[in-house]
file upload_30.cif (mmCIF, C-alpha atoms)
data_final
loop_
_atom_site.group_PDB
_atom_site.id
_atom_site.type_symbol
_atom_site.label_atom_id
_atom_site.label_comp_id
_atom_site.auth_asym_id
_atom_site.auth_seq_id
_atom_site.Cartn_x
_atom_site.Cartn_y
_atom_site.Cartn_z
ATOM 1 C CA MET L 19 19.838 17.197 6.349
ATOM 2 C CA PRO L 20 23.613 16.894 5.999
ATOM 3 C CA VAL L 21 24.739 17.368 2.407
ATOM 4 C CA TYR L 22 28.160 16.888 0.848
ATOM 5 C CA ASN L 23 28.959 17.125 -2.866
ATOM 6 C CA ALA L 24 25.302 16.483 -3.685
ATOM 7 C CA GLU L 25 24.708 19.026 -6.453
ATOM 8 C CA ASN L 26 23.586 16.326 -8.908
ATOM 9 C CA HIS L 27 20.868 14.954 -6.598
ATOM 10 C CA LEU L 28 19.989 17.647 -4.066
ATOM 11 C CA GLN L 29 17.430 19.547 -6.145
ATOM 12 C CA ARG L 30 15.400 16.415 -6.846
ATOM 13 C CA CYS L 31 15.522 15.508 -3.151
ATOM 14 C CA LEU L 32 14.340 18.963 -2.088
ATOM 15 C CA ASP L 33 11.613 19.029 -4.729
ATOM 16 C CA THR L 34 10.262 15.755 -3.367
ATOM 17 C CA VAL L 35 10.337 16.949 0.253
ATOM 18 C CA LEU L 36 8.705 20.291 -0.571
ATOM 19 C CA GLN L 37 5.893 18.732 -2.622
ATOM 20 C CA GLN L 38 4.406 16.763 0.238
ATOM 21 C CA THR L 39 0.946 17.776 1.429
ATOM 22 C CA PHE L 40 2.048 18.457 5.017
ATOM 23 C CA ARG L 41 3.331 22.046 4.900
ATOM 24 C CA ASP L 42 4.271 22.916 8.502
ATOM 25 C CA PHE L 43 7.924 21.884 8.613
ATOM 26 C CA GLU L 44 11.427 23.259 8.243
ATOM 27 C CA VAL L 45 14.309 21.828 6.226
ATOM 28 C CA ILE L 46 17.733 22.500 7.690
ATOM 29 C CA LEU L 47 20.475 21.893 5.133
ATOM 30 C CA ILE L 48 23.979 21.566 6.531
ATOM 31 C CA ASN L 49 26.496 21.905 3.725
ATOM 32 C CA ASP L 50 29.435 19.939 5.109
ATOM 33 C CA GLY L 51 32.241 21.605 3.160
ATOM 34 C CA SER L 52 31.140 20.511 -0.310
ATOM 35 C CA LYS L 53 33.657 21.081 -3.082
ATOM 36 C CA ASP L 54 31.021 21.254 -5.845
ATOM 37 C CA ARG L 55 28.046 23.612 -6.247
ATOM 38 C CA THR L 56 25.987 22.053 -3.443
ATOM 39 C CA GLY L 57 26.207 25.260 -1.407
ATOM 40 C CA LEU L 58 24.746 27.268 -4.271
ATOM 41 C CA VAL L 59 21.856 24.813 -4.640
ATOM 42 C CA CYS L 60 21.194 25.133 -0.896
ATOM 43 C CA ASP L 61 21.274 28.926 -0.959
ATOM 44 C CA ARG L 62 19.105 29.192 -4.077
ATOM 45 C CA ASN L 63 16.417 27.000 -2.514
ATOM 46 C CA ALA L 64 16.536 28.922 0.783
ATOM 47 C CA GLU L 65 15.915 32.144 -1.154
ATOM 48 C CA LEU L 66 12.852 30.598 -2.793
ATOM 49 C CA ASP L 67 11.302 28.921 0.266
ATOM 50 C CA THR L 68 11.358 30.335 3.790
ATOM 51 C CA ARG L 69 11.037 26.829 5.274
ATOM 52 C CA ILE L 70 14.598 26.079 4.166
ATOM 53 C CA LYS L 71 17.492 27.110 6.411
ATOM 54 C CA VAL L 72 21.140 26.632 5.425
ATOM 55 C CA ILE L 73 24.302 26.179 7.456
ATOM 56 C CA HIS L 74 27.690 26.116 5.709
ATOM 57 C CA LYS L 75 30.553 24.505 7.621
ATOM 58 C CA GLU L 76 33.949 22.948 7.063
ATOM 59 C CA ASN L 77 33.884 19.254 6.276
ATOM 60 C CA GLY L 78 33.630 17.168 9.412
ATOM 61 C CA GLY L 79 31.473 14.221 8.427
ATOM 62 C CA THR L 80 27.795 13.360 8.710
ATOM 63 C CA SER L 81 27.629 13.279 12.514
ATOM 64 C CA SER L 82 29.415 16.610 12.789
ATOM 65 C CA ALA L 83 26.966 18.139 10.314
ATOM 66 C CA ARG L 84 23.943 16.756 12.187
ATOM 67 C CA ASN L 85 25.306 18.060 15.479
ATOM 68 C CA GLU L 86 25.811 21.508 13.961
ATOM 69 C CA GLY L 87 22.183 21.552 12.832
ATOM 70 C CA LEU L 88 20.994 20.560 16.302
ATOM 71 C CA LYS L 89 23.215 23.147 17.962
ATOM 72 C CA SER L 90 22.051 25.933 15.654
ATOM 73 C CA TYR L 91 18.310 25.263 15.512
ATOM 74 C CA CYS L 92 17.238 23.152 18.476
ATOM 75 C CA LYS L 93 16.932 24.770 21.834
ATOM 76 C CA PRO L 94 16.959 22.552 24.926
ATOM 77 C CA LYS L 95 13.743 22.356 26.941
ATOM 78 C CA ASN L 96 13.907 23.729 30.489
#
call {"tool": "encode", "arguments": {"input": "upload_30.cif", "output": "structure tokens"}}
result
Amino acid sequence: MPVYNAENHLQRCLDTVLQQTFRDFEVILINDGSKDRTGLVCDRNAELDTRIKVIHKENGGTSSARNEGLKSYCKPKN
């Protein structure tokens, strides 16, 4: 999930995702160079729930953030 300057909405979004009944999933948050406290919200949630992984990167846009998440957490099938 690419996030950028989302501190005012991110917690509500994560709360909604984490409250679903299906529990076997991972949330990958890619903080795309936010200038607010989005990174802190990401890190705080990752400390509280092991299903949340966080990547912090320089701002590069939504596609760049998505690609970083894929590169970091998805391994190609052989």
call {"tool": "resolve_selection", "arguments": {"input": "upload_30.cif", "expression": "the PyMOL selection byres ((chain L and resi 49) around 9)", "output": "count of residues only"}}
result
20
call {"tool": "closest_residue", "arguments": {"input": "upload_30.cif", "among": "L:Lys89, L:Asn63, L:Gly79, L:Arg84", "to": "L:Asp33", "atoms": "only C-alpha atoms"}}
result
L:Asn63
call {"tool": "atom_distance", "arguments": {"input": "upload_30.cif", "atom1": "atom CA of L:Tyr91", "atom2": "atom CA of L:Asn26"}}
result
26.5 Å
call {"tool": "closest_residue", "arguments": {"input": "upload_30.cif", "among": "L:Asp54, L:Glu25, L:Glu86, L:Asp42", "to": "L:Thr68", "atoms": "only C-alpha atoms"}}
result
L:Asp42
call {"tool": "residues_around", "arguments": {"input": "upload_30.cif", "residues": "L:Asp67", "least_positions_apart": "4", "cutoff": "10 Å", "atoms": "only C-alpha atoms", "output": "PyMOL selection string"}}
result
chain L and resi 36+44-45+62-63+71
call {"tool": "closest_residue", "arguments": {"input": "upload_30.cif", "among": "L:Thr80, L:Arg41, L:Leu88, L:Gln29", "to": "L:Ala64", "atoms": "all atoms listed in the file"}}
result
L:Gln29
call {"tool": "closest_residue", "arguments": {"input": "upload_30.cif", "among": "L:Arg55, L:Asp61, L:Thr39, L:Ile46", "to": "L:Gly87", "atoms": "only C-alpha atoms"}}
result
L:Ile46
call {"tool": "axis_aligned_box", "arguments": {"input": "upload_30.cif", "around": "stretch 73-92 of chain L", "padding_each_side": "8 Å", "output": "AutoDock Vina command-line options"}}
result
--center_x 25.6 --center_y 19.7 --center_z 12.1 --size_x 32.7 --size_y 28.9 --size_z 28.8
call {"tool": "atom_distance", "arguments": {"input": "upload_30.cif", "atom1": "atom CA of L:Val59", "atom2": "atom CA of L:Ala24"}}
result
9.1 Å
call {"tool": "atom_distance", "arguments": {"input": "upload_30.cif", "atom1": "atom CA of L:Cys92", "atom2": "atom CA of L:Leu28"}}
result
23.4 Å
call {"tool": "closest_residue", "arguments": {"input": "upload_30.cif", "among": "L:Leu58, L:Phe43, L:Gln37, L:His27", "to": "L:Ile70", "atoms": "all atoms listed in the file"}}
result
L:Phe43
